[in-house]
file start_2.txt (compact mmCIF, C-alpha atoms and all ligand atoms)
# COMPACT_ATOMS: atom_id res chain seq x y z
CA MET A 1 153.90 68.25 129.73
CA THR A 2 153.67 71.75 128.34
CA ALA A 3 150.24 72.90 127.32
CA ARG A 4 149.76 73.37 123.63
CA PRO A 5 149.36 77.00 122.65
CA ALA A 6 145.71 77.94 122.24
CA ILE A 7 144.57 78.18 118.64
CA ASP A 8 142.31 80.92 117.49
CA PHE A 9 140.19 78.76 115.24
CA CYS A 10 138.87 81.80 113.45
CA ASP A 11 142.37 82.24 112.02
CA LEU A 12 142.10 78.81 110.41
CA ALA A 13 139.25 79.86 108.15
CA PRO A 14 139.92 82.13 105.17
CA SER A 15 139.13 85.74 105.95
CA TYR A 16 136.31 85.77 103.39
CA ILE A 17 134.57 83.07 105.47
CA SER A 18 134.95 84.82 108.83
CA ALA A 19 133.62 88.00 107.21
CA ILE A 20 130.29 86.38 106.24
CA ALA A 21 127.36 88.02 108.02
CA PRO A 22 125.14 85.15 109.22
CA TYR A 23 121.73 84.74 107.52
CA GLN A 24 118.97 85.90 109.85
CA PRO A 25 115.94 83.64 109.56
CA GLY A 26 112.44 84.57 110.74
CA LYS A 27 111.89 83.97 114.45
CA PRO A 28 110.32 80.53 115.03
CA ILE A 29 106.88 80.53 116.73
CA ALA A 30 108.05 78.16 119.50
CA GLU A 31 110.96 80.48 120.36
CA LEU A 32 108.70 83.53 120.77
CA GLU A 33 106.17 81.56 122.79
CA ARG A 34 108.94 80.27 125.07
CA GLU A 35 110.42 83.73 125.53
CA LEU A 36 107.11 85.45 126.30
CA GLY A 37 105.32 82.55 127.98
CA ILE A 38 102.44 82.96 125.52
CA SER A 39 100.64 80.66 123.11
CA GLY A 40 98.84 81.23 119.81
CA ALA A 41 101.53 83.41 118.24
CA VAL A 42 101.27 84.06 114.51
CA LYS A 43 104.31 83.82 112.25
CA LEU A 44 104.22 85.98 109.15
CA ALA A 45 107.99 86.18 108.81
CA SER A 46 109.22 83.58 106.31
CA ASN A 47 106.89 83.70 103.29
CA GLU A 48 105.54 80.24 104.02
CA ASN A 49 102.25 78.86 102.74
CA PRO A 50 99.68 79.59 105.47
CA ARG A 51 97.47 76.76 104.17
CA GLY A 52 100.14 74.14 104.82
CA ALA A 53 100.85 71.58 102.10
CA SER A 54 98.66 69.66 99.69
CA PRO A 55 97.03 66.68 101.46
CA LYS A 56 98.29 64.57 98.55
CA ALA A 57 101.88 65.66 99.25
CA ILE A 58 101.46 64.92 102.96
CA ALA A 59 100.06 61.46 102.17
CA ALA A 60 103.00 60.74 99.85
CA ALA A 61 105.45 61.89 102.53
CA ARG A 62 103.78 59.57 105.07
CA THR A 63 104.06 56.61 102.72
CA ALA A 64 107.72 57.42 102.07
CA LEU A 65 108.39 57.26 105.83
CA ASP A 66 108.03 53.49 105.62
CA ASP A 67 111.30 53.33 103.73
CA ILE A 68 113.49 55.85 105.53
CA ALA A 69 116.08 53.23 106.48
CA ARG A 70 117.14 53.39 102.81
CA TYR A 71 119.08 56.21 101.20
CA PRO A 72 117.09 58.38 98.81
CA ASP A 73 117.43 57.92 95.05
CA GLY A 74 120.58 59.98 94.55
CA ASN A 75 119.51 60.76 90.98
CA GLY A 76 116.00 61.73 92.02
CA PHE A 77 114.65 59.80 89.04
CA GLU A 78 110.91 60.21 89.63
CA LEU A 79 111.03 63.79 90.78
CA LYS A 80 113.27 64.81 87.92
CA ARG A 81 110.97 63.04 85.48
CA ALA A 82 107.94 64.86 86.92
CA ILE A 83 109.73 68.23 86.75
CA ALA A 84 111.01 67.54 83.23
CA ASP A 85 107.49 66.58 82.09
CA ARG A 86 105.99 69.64 83.68
CA HIS A 87 108.38 71.99 81.91
CA SER A 88 108.91 70.00 78.71
CA VAL A 89 112.66 69.83 79.22
CA ALA A 90 115.05 66.90 79.28
CA GLU A 91 115.66 65.19 82.63
CA SER A 92 119.33 66.01 82.08
CA ALA A 93 118.39 69.70 82.36
CA VAL A 94 117.22 69.33 85.99
CA VAL A 95 119.29 69.79 89.15
CA LEU A 96 117.53 68.98 92.41
CA GLY A 97 118.29 71.08 95.47
CA ASN A 98 117.81 70.93 99.20
CA GLY A 99 115.53 73.92 98.79
CA SER A 100 116.33 76.33 96.00
CA ASN A 101 118.95 77.87 98.31
CA ASP A 102 120.96 74.75 97.59
CA VAL A 103 120.65 75.38 93.84
CA LEU A 104 121.96 78.93 94.35
CA GLU A 105 124.83 77.57 96.38
CA LEU A 106 125.57 74.90 93.76
CA VAL A 107 125.85 77.58 91.10
CA ALA A 108 128.31 79.49 93.26
CA ARG A 109 130.37 76.42 94.16
CA THR A 110 130.44 75.22 90.57
CA PHE A 111 131.32 78.49 88.85
CA LEU A 112 132.84 80.94 91.34
CA THR A 113 136.41 81.01 92.64
CA PRO A 114 138.40 83.46 94.76
CA GLY A 115 139.00 86.48 92.58
CA ALA A 116 135.92 85.94 90.40
CA ALA A 117 132.83 88.11 90.89
CA ALA A 118 129.05 87.80 90.97
CA VAL A 119 126.57 90.60 90.34
CA PHE A 120 123.29 91.08 92.19
CA ALA A 121 120.99 93.97 93.01
CA GLN A 122 120.79 96.07 96.14
CA HIS A 123 117.92 94.78 98.33
CA ALA A 124 118.06 91.41 96.54
CA PHE A 125 117.69 88.06 98.29
CA ALA A 126 120.37 87.70 100.99
CA VAL A 127 121.57 84.30 99.87
CA TYR A 128 123.25 85.71 96.72
CA PRO A 129 125.96 87.65 98.60
CA LEU A 130 126.25 84.81 101.09
CA VAL A 131 126.95 82.00 98.62
CA THR A 132 129.22 84.29 96.62
CA GLN A 133 131.32 85.23 99.61
CA ALA A 134 131.60 81.62 100.77
CA THR A 135 133.57 80.82 97.60
CA GLY A 136 135.95 83.75 98.07
CA ALA A 137 134.48 85.53 95.05
CA ILE A 138 133.58 89.21 95.16
CA GLY A 139 129.93 90.27 95.35
CA VAL A 140 129.11 93.31 93.22
CA GLU A 141 125.94 94.98 94.49
CA VAL A 142 124.21 97.21 91.96
CA ALA A 143 122.04 100.07 93.23
CA ALA A 144 118.31 99.36 92.96
CA ARG A 145 115.85 101.55 91.09
CA ASP A 146 112.53 102.09 92.91
CA PHE A 147 113.53 99.09 95.07
CA GLY A 148 113.66 96.82 92.00
CA HIS A 149 116.59 95.49 89.97
CA ASP A 150 118.12 98.03 87.60
CA LEU A 151 118.96 95.67 84.75
CA ILE A 152 120.71 98.33 82.69
CA ALA A 153 123.03 99.18 85.58
CA MET A 154 123.55 95.46 86.23
CA GLN A 155 124.51 95.03 82.60
CA HIS A 156 127.11 97.78 83.00
CA ALA A 157 128.50 96.07 86.10
CA ILE A 158 129.54 93.01 84.09
CA THR A 159 133.30 93.27 83.89
CA GLY A 160 135.76 90.54 82.91
CA ASP A 161 135.81 88.97 86.39
CA VAL A 162 132.05 88.50 86.57
CA LYS A 163 131.04 84.86 86.15
CA VAL A 164 127.50 84.87 87.58
CA VAL A 165 124.56 87.28 87.77
CA PHE A 166 121.72 86.60 90.20
CA ILE A 167 118.26 87.98 89.38
CA ALA A 168 115.27 87.46 91.68
CA ASN A 169 111.93 87.75 89.93
CA PRO A 170 109.87 88.54 91.95
CA ASN A 171 112.49 89.72 94.42
CA ASN A 172 112.47 89.11 98.16
CA PRO A 173 112.09 91.28 100.30
CA THR A 174 110.86 94.00 97.94
CA GLY A 175 108.28 91.96 96.00
CA THR A 176 109.25 93.82 92.82
CA LEU A 177 108.78 92.21 89.40
CA LEU A 178 110.73 92.67 86.18
CA HIS A 179 108.93 92.69 82.86
CA PRO A 180 109.70 89.52 80.84
CA ARG A 181 110.73 91.72 77.91
CA ASP A 182 113.43 93.37 80.02
CA VAL A 183 114.77 90.09 81.40
CA ARG A 184 114.98 88.73 77.86
CA ALA A 185 116.75 91.83 76.61
CA PHE A 186 119.22 91.43 79.48
CA LEU A 187 119.90 87.82 78.48
CA GLU A 188 120.47 88.88 74.89
CA ASP A 189 123.04 91.46 75.96
CA VAL A 190 124.94 89.44 78.55
CA PRO A 191 128.13 87.84 77.23
CA ASN A 192 127.59 84.07 77.09
CA ARG A 193 130.60 83.42 79.32
CA VAL A 194 128.46 84.80 82.19
CA LEU A 195 125.89 82.57 83.85
CA VAL A 196 122.54 84.23 84.64
CA VAL A 197 120.55 82.73 87.50
CA LEU A 198 116.88 83.64 87.27
CA ASP A 199 115.49 82.89 90.72
CA GLU A 200 111.74 82.39 90.37
CA ALA A 201 110.93 81.17 93.89
CA TYR A 202 107.67 83.15 93.89
CA ASN A 203 106.65 82.43 90.30
CA ASP A 204 103.56 80.44 91.30
CA TYR A 205 101.99 83.55 92.84
CA LEU A 206 102.03 85.47 89.57
CA PRO A 207 98.96 85.71 87.37
CA ASP A 208 99.67 83.85 84.12
CA ALA A 209 99.82 87.10 82.15
CA LEU A 210 102.83 88.29 84.16
CA LYS A 211 104.82 85.05 84.06
CA ALA A 212 107.94 85.11 81.93
CA ASP A 213 108.39 82.28 79.46
CA SER A 214 111.73 81.72 81.13
CA VAL A 215 111.93 77.94 80.74
CA SER A 216 111.56 78.21 76.97
CA TRP A 217 114.49 80.65 76.93
CA LEU A 218 116.77 77.82 78.06
CA THR A 219 117.01 76.53 74.50
CA GLU A 220 118.32 79.90 73.31
CA PHE A 221 120.53 80.80 76.25
CA PRO A 222 122.82 77.98 77.45
CA ASN A 223 124.12 80.35 80.14
CA LEU A 224 120.69 80.58 81.86
CA VAL A 225 119.75 78.78 85.08
CA VAL A 226 116.12 79.04 86.22
CA SER A 227 115.51 78.15 89.85
CA ARG A 228 112.19 77.21 91.43
CA THR A 229 111.11 75.95 94.83
CA PHE A 230 108.49 73.78 96.50
CA SER A 231 108.77 75.93 99.66
CA LYS A 232 106.22 78.60 98.76
CA ALA A 233 102.99 77.89 96.88
CA HIS A 234 103.48 74.11 97.28
CA GLY A 235 103.89 74.48 101.05
CA LEU A 236 106.91 72.20 101.53
CA ALA A 237 109.36 74.67 103.14
CA GLY A 238 110.17 72.29 106.00
CA LEU A 239 111.08 69.43 103.68
CA ARG A 240 113.64 71.48 101.72
CA VAL A 241 113.21 70.83 98.03
CA GLY A 242 113.77 73.02 95.00
CA TYR A 243 115.33 72.70 91.56
CA GLY A 244 117.31 74.38 88.86
CA LEU A 245 116.73 74.06 85.12
CA ALA A 246 119.75 74.60 82.91
CA HIS A 247 121.56 73.51 79.78
CA PRO A 248 122.43 69.81 80.32
CA ALA A 249 126.17 70.63 80.32
CA VAL A 250 125.66 73.19 83.09
CA ALA A 251 123.34 70.85 84.99
CA ASP A 252 125.92 68.08 84.67
CA LEU A 253 128.62 70.24 86.28
CA MET A 254 126.30 71.28 89.10
CA ASN A 255 125.29 67.66 89.67
CA ARG A 256 128.95 66.73 90.13
CA VAL A 257 129.27 69.26 92.94
CA ARG A 258 125.88 68.38 94.45
CA GLN A 259 125.83 65.98 97.38
CA PRO A 260 124.29 62.76 96.04
CA PHE A 261 121.60 62.60 98.72
CA ASN A 262 120.87 66.31 99.06
CA VAL A 263 117.09 65.83 98.74
CA SER A 264 115.60 63.32 101.18
CA SER A 265 113.40 60.45 100.06
CA VAL A 266 110.44 61.95 101.94
CA ALA A 267 110.95 65.32 100.26
CA GLN A 268 111.25 63.73 96.81
CA ALA A 269 108.02 61.77 97.27
CA ALA A 270 106.12 64.78 98.61
CA ALA A 271 107.37 67.01 95.80
CA VAL A 272 106.22 64.56 93.10
CA ALA A 273 102.72 64.60 94.60
CA ALA A 274 102.78 68.37 95.18
CA LEU A 275 103.73 69.01 91.57
CA ALA A 276 100.71 67.04 90.40
CA ASP A 277 98.29 68.97 92.62
CA ASP A 278 97.66 72.04 90.48
CA ALA A 279 94.40 72.80 92.28
CA PHE A 280 96.25 73.27 95.57
CA VAL A 281 98.67 75.75 94.01
CA GLU A 282 95.84 77.60 92.31
CA GLN A 283 93.91 77.89 95.60
CA SER A 284 97.08 79.10 97.32
CA ARG A 285 97.57 81.77 94.68
CA GLU A 286 93.96 82.90 95.04
CA LEU A 287 94.12 83.01 98.84
CA ASN A 288 97.30 85.04 98.55
CA ARG A 289 95.73 87.46 96.05
CA ARG A 290 92.82 88.16 98.38
CA GLY A 291 95.11 88.34 101.42
CA MET A 292 97.38 90.81 99.63
CA GLU A 293 94.36 93.05 98.91
CA HIS A 294 93.28 92.85 102.55
CA VAL A 295 96.75 93.59 103.97
CA THR A 296 97.64 96.40 101.56
CA ALA A 297 94.22 98.03 102.08
CA GLY A 298 94.89 97.84 105.84
CA LEU A 299 98.36 99.38 105.44
CA GLY A 300 96.77 102.13 103.35
CA LYS A 301 94.22 102.83 106.10
CA LEU A 302 97.10 103.19 108.55
CA ALA A 303 98.66 105.68 106.10
CA LEU A 304 101.76 103.52 105.70
CA ASP A 305 103.83 103.39 102.50
CA PHE A 306 104.36 99.94 101.07
CA ILE A 307 106.13 98.54 98.02
CA PRO A 308 103.54 96.97 95.68
CA SER A 309 104.37 93.27 95.75
CA TYR A 310 103.98 90.42 93.27
CA ALA A 311 104.81 87.72 95.80
CA ASN A 312 103.33 86.38 99.05
CA PHE A 313 104.64 89.15 101.29
CA VAL A 314 104.76 92.92 101.33
CA SER A 315 107.32 95.34 102.77
CA PHE A 316 106.07 98.55 104.38
CA ARG A 317 107.68 101.62 105.91
CA VAL A 318 107.15 102.46 109.57
CA PRO A 319 108.65 105.04 111.85
CA ASP A 320 111.15 103.21 114.10
CA ALA A 321 110.84 99.74 112.55
CA ARG A 322 112.79 98.00 115.32
CA THR A 323 110.40 99.25 118.02
CA VAL A 324 107.34 98.36 115.97
CA TYR A 325 108.80 94.89 115.36
CA ASP A 326 109.34 94.38 119.11
CA ARG A 327 105.84 95.62 119.94
CA LEU A 328 104.35 93.26 117.37
CA LEU A 329 106.31 90.39 118.93
CA ARG A 330 104.83 91.20 122.33
CA LEU A 331 101.41 91.13 120.69
CA GLY A 332 102.25 87.63 119.41
CA VAL A 333 102.81 88.56 115.76
CA ILE A 334 106.16 87.77 114.13
CA VAL A 335 107.11 89.81 111.05
CA ARG A 336 110.56 90.32 109.54
CA PRO A 337 112.85 93.31 110.10
CA ILE A 338 114.84 93.91 106.91
CA ALA A 339 117.57 96.31 108.06
CA SER A 340 120.12 93.74 106.86
CA TYR A 341 118.73 94.28 103.34
CA GLY A 342 119.58 97.97 103.54
CA MET A 343 115.96 98.77 104.45
CA PRO A 344 116.08 99.80 108.13
CA ASP A 345 112.79 101.73 107.93
CA PHE A 346 110.83 98.76 106.61
CA LEU A 347 109.23 95.60 107.93
CA ARG A 348 108.18 92.67 105.76
CA VAL A 349 105.00 90.75 106.45
CA SER A 350 104.03 87.47 104.78
CA ILE A 351 100.43 87.08 103.66
CA GLY A 352 98.65 84.66 105.99
CA LEU A 353 95.19 83.21 106.40
CA PRO A 354 92.42 85.85 106.56
CA GLU A 355 92.32 85.72 110.38
CA GLU A 356 96.11 86.01 110.60
CA ASN A 357 96.09 89.03 108.30
CA ALA A 358 93.37 90.64 110.43
CA ARG A 359 95.32 89.91 113.60
CA PHE A 360 98.47 91.43 112.08
CA LEU A 361 96.64 94.61 111.04
CA ALA A 362 95.02 95.01 114.45
CA ALA A 363 98.36 94.44 116.22
CA LEU A 364 100.10 96.87 113.88
CA GLN A 365 97.53 99.57 114.61
CA GLN A 366 98.09 99.00 118.32
CA ALA A 367 101.89 98.97 117.93
CA LEU A 368 101.79 102.29 116.08
CA SER A 369 99.45 104.03 118.49
CA HIS A 370 101.77 103.86 121.52
N1 LIG B 1 114.87 82.71 96.43
C1 LIG B 1 114.17 83.67 97.02
C2 LIG B 1 114.00 84.96 96.32
C3 LIG B 1 113.62 83.45 98.29
O1 LIG B 1 112.94 84.41 98.92
C4 LIG B 1 113.79 82.20 98.93
C5 LIG B 1 113.19 81.89 100.28
N2 LIG B 1 113.34 82.80 101.25
C6 LIG B 1 114.55 81.24 98.26
C7 LIG B 1 115.06 81.51 97.01
C8 LIG B 1 114.91 79.93 98.86
O2 LIG B 1 113.89 79.18 99.32
P1 LIG B 1 114.06 77.62 99.51
O3 LIG B 1 115.50 77.33 99.80
O4 LIG B 1 113.18 77.29 100.63
O5 LIG B 1 113.65 77.02 98.20
call {"tool": "encode", "arguments": {"input": "start_2.txt", "output": "structure tokens"}}
result
Amino acid sequence: MTARPAIDFCDLAPSYISAIAPYQPGKPIAELERELGISGAVKLASNENPRGASPKAIAAARTALDDIARYPDGNGFELKRAIADRHSVAESAVVLGNGSNDVLELVARTFLTPGAAAVFAQHAFAVYPLVTQATGAIGVEVAARDFGHDLIAMQHAITGDVKVVFIANPNNPTGTLLHPRDVRAFLEDVPNRVLVVLDEAYNDYLPDALKADSVSWLTEFPNLVVSRTFSKAHGLAGLRVGYGLAHPAVADLMNRVRQPFNVSSVAQAAAVAALADDAFVEQSRELNRRGMEHVTAGLGKLALDFIPSYANFVSFRVPDARTVYDRLLRLGVIVRPIASYGMPDFLRVSIGLPEENARFLAALQQALSH
């Protein structure tokens, strides 16, 4: 028998798939500890909630474990009802996601095609180019202004092929925030054949005075999708649950593309309980506010530039970021290099518990004084 000719499987995938640069997640604690043979490492690399999750959410998740032989509710009835109540929208306006990343991907898969285009800002969240490229659509990156989104320039980038615009507010990894007035003006100017995704993953960390009234805009702008997550202030990153709010016709399309069981039963139960625990979110915001003051004061004392942040992390400039990152790792502190965001001179650190922040600052001082 003659051997079959070897196939280069990479040739089977469309070129726009093989060209995708893989997402680089924060280094897991267990991996660093294994590599260095150490224990007690601190991870400040993925903007997680250092307090963990609400005890009420954990209890609900435990109860839900009793029923894991059954498929989840594919319509997410209770969670959607809780989200709809919270935001005073119809349940038909809610799309549940396996994390809000899933919502971003659903938008792309529902509305983008090869040859179409999506607009996002330079230094914006890495998942926007990723989900765009996976559909074969073109990503149009618009130069940032002072590390934030330049909405005027983004407006000008909307040509006939553009179907989707992604806006992160606050943005990751820069922590920059757009004024609600400017986001609204953008929505008023965008042609209504273009969908605008307002990614508010870090919304819960904002003081009320800085929060946009984005959900109420949904009634005026049927081309708006607001996305939120339970991964940050609610502390459920490991369970993967987020949601999009949209015009019911848009939500309906996204729900057709969505896998019916994309949010697990345990995640749904935990999220319902987490959403009801406002005190936990409030305490998380307050801890973050104090931690941000502590960390930025420490960066200032080390004479390092940082980008003022409205989220639960801050990006700062260091000479030779890669070396500093490696030295921090050896000192048992994991931060995030952000060269892949076009910021090779910066590192991003998530705000942790007070003792984690202190440990980070001490390790950073040591790493810089080599
Ligand atoms: N949007 C932004 C701006 C983010 O930083 C993140 C998390 N890194 C997400 C969305 C997605 O988070 P998740 O999928 O956990 O909801």
call {"tool": "residues_near_point", "arguments": {"input": "start_2.txt", "point": "(122.4, 75.3, 76.7)", "cutoff": "10 Å", "atoms": "all atoms listed in the file", "output": "list of chain:residue names"}}
result
A:Ala93, A:Trp217, A:Leu218, A:Thr219, A:Glu220, A:Phe221, A:Pro222, A:Asn223, A:Leu224, A:Val225, A:Ala246, A:His247, A:Pro248, A:Ala249, A:Val250, A:Ala251
call {"tool": "closest_residue", "arguments": {"input": "start_2.txt", "among": "A:Leu329, A:Ala124, A:Val183, A:Leu130", "to": "ligand LIG 1 (chain B)", "atoms": "only C-alpha atoms and all ligand atoms"}}
result
A:Ala124
call {"tool": "residues_around", "arguments": {"input": "start_2.txt", "residues": "A:Leu331", "least_positions_apart": "5", "cutoff": "10 Å", "atoms": "all atoms listed in the file", "output": "PyMOL selection string"}}
result
chain A and resi 36+38+41-42+325-326+359-360+362-364+366-367
call {"tool": "axis_aligned_box", "arguments": {"input": "start_2.txt", "around": "stretch 198-204 of chain A", "padding_each_side": "5 Å", "output": "AutoDock Vina command-line options"}}
result
--center_x 110.2 --center_y 82.0 --center_z 90.6 --size_x 23.3 --size_y 13.2 --size_z 16.6
call {"tool": "closest_residue", "arguments": {"input": "start_2.txt", "among": "A:Asp277, A:Glu48, A:Asp345, A:Glu188", "to": "ligand LIG 1 (chain B)", "atoms": "all atoms listed in the file"}}
result
A:Glu48
call {"tool": "residues_near_ligand", "arguments": {"input": "start_2.txt", "ligand": "ligand LIG 1 (chain B)", "cutoff": "9 Å", "atoms": "all atoms listed in the file", "output": "NGL selection string"}}
result
:A and (25 or 46-48 or 97-104 or 124-128 or 167-173 or 199-202 or 227-232 or 236-243)
call {"tool": "closest_residue", "arguments": {"input": "start_2.txt", "among": "A:Asp278, A:Glu35, A:Asp85, A:Glu105", "to": "A:Phe166", "atoms": "all atoms listed in the file"}}
result
A:Glu105
call {"tool": "atom_distance", "arguments": {"input": "start_2.txt", "atom1": "atom CA of A:Ala270", "atom2": "atom CA of A:Ala61"}}
result
4.9 Å
call {"tool": "atom_distance", "arguments": {"input": "start_2.txt", "atom1": "atom CA of A:Leu96", "atom2": "atom CA of A:Arg109"}}
result
14.9 Å
call {"tool": "closest_residue", "arguments": {"input": "start_2.txt", "among": "A:Leu328, A:Leu347, A:Val272, A:Ala358", "to": "A:Ala60", "atoms": "all atoms listed in the file"}}
result
A:Val272
call {"tool": "closest_residue", "arguments": {"input": "start_2.txt", "among": "A:Leu361, A:Leu198, A:Val295, A:Ala82", "to": "A:Ala269", "atoms": "only C-alpha atoms"}}
result
A:Ala82
call {"tool": "atom_distance", "arguments": {"input": "start_2.txt", "atom1": "atom CA of A:Val165", "atom2": "atom CA of A:Ser92"}}
result
22.6 Å
call {"tool": "decode", "arguments": {"input": "start_2.txt", "residues": "stretch 169-177 of chain A", "atoms": "all heavy atoms", "output": "compact mmCIF listing (two decimals), in the first residue's frame"}}
result
# COMPACT_ATOMS: atom_id res chain seq x y z
N ASN A 169 -15.04 50.62 27.66
CA ASN A 169 -15.15 51.77 28.57
C ASN A 169 -15.46 51.31 29.99
O ASN A 169 -16.60 50.97 30.28
CB ASN A 169 -16.27 52.70 28.06
CG ASN A 169 -16.08 54.11 28.54
OD1 ASN A 169 -14.95 54.59 28.63
ND2 ASN A 169 -17.16 54.77 28.87
N PRO A 170 -14.47 51.32 30.91
CA PRO A 170 -13.06 51.62 30.70
C PRO A 170 -12.39 50.57 29.80
O PRO A 170 -12.88 49.46 29.68
CB PRO A 170 -12.45 51.55 32.11
CG PRO A 170 -13.60 51.64 33.05
CD PRO A 170 -14.77 51.08 32.34
N ASN A 171 -11.25 51.00 29.22
CA ASN A 171 -10.52 50.08 28.35
C ASN A 171 -9.50 49.27 29.14
O ASN A 171 -8.97 49.72 30.14
CB ASN A 171 -9.79 50.88 27.26
CG ASN A 171 -9.05 49.99 26.30
OD1 ASN A 171 -9.57 48.95 25.88
ND2 ASN A 171 -7.82 50.34 25.96
N ASN A 172 -9.23 48.09 28.68
CA ASN A 172 -8.15 47.24 29.17
C ASN A 172 -7.17 47.09 28.02
O ASN A 172 -7.61 46.72 26.92
CB ASN A 172 -8.74 45.87 29.55
CG ASN A 172 -7.69 44.84 29.84
OD1 ASN A 172 -6.56 45.16 30.18
ND2 ASN A 172 -8.05 43.57 29.69
N PRO A 173 -5.88 47.34 28.15
CA PRO A 173 -5.10 47.49 29.39
C PRO A 173 -4.77 48.92 29.79
O PRO A 173 -3.92 49.12 30.66
CB PRO A 173 -3.80 46.78 29.00
CG PRO A 173 -3.60 47.16 27.57
CD PRO A 173 -4.98 47.25 26.97
N THR A 174 -5.42 49.93 29.19
CA THR A 174 -4.99 51.29 29.51
C THR A 174 -5.74 51.88 30.70
O THR A 174 -5.26 52.83 31.32
CB THR A 174 -5.21 52.22 28.28
OG1 THR A 174 -6.61 52.14 27.94
CG2 THR A 174 -4.37 51.80 27.09
N GLY A 175 -6.93 51.35 30.99
CA GLY A 175 -7.72 51.87 32.12
C GLY A 175 -8.38 53.20 31.81
O GLY A 175 -8.95 53.84 32.70
N THR A 176 -8.31 53.65 30.56
CA THR A 176 -8.86 54.96 30.19
C THR A 176 -10.38 54.91 30.13
O THR A 176 -10.98 53.88 29.83
CB THR A 176 -8.30 55.39 28.82
OG1 THR A 176 -8.40 54.29 27.92
CG2 THR A 176 -6.84 55.82 28.94
N LEU A 177 -10.99 56.07 30.40
CA LEU A 177 -12.46 56.17 30.43
C LEU A 177 -12.93 57.28 29.50
O LEU A 177 -12.34 58.35 29.46
CB LEU A 177 -12.91 56.50 31.86
CG LEU A 177 -14.42 56.58 32.08
CD1 LEU A 177 -15.04 55.18 32.06
CD2 LEU A 177 -14.74 57.26 33.42
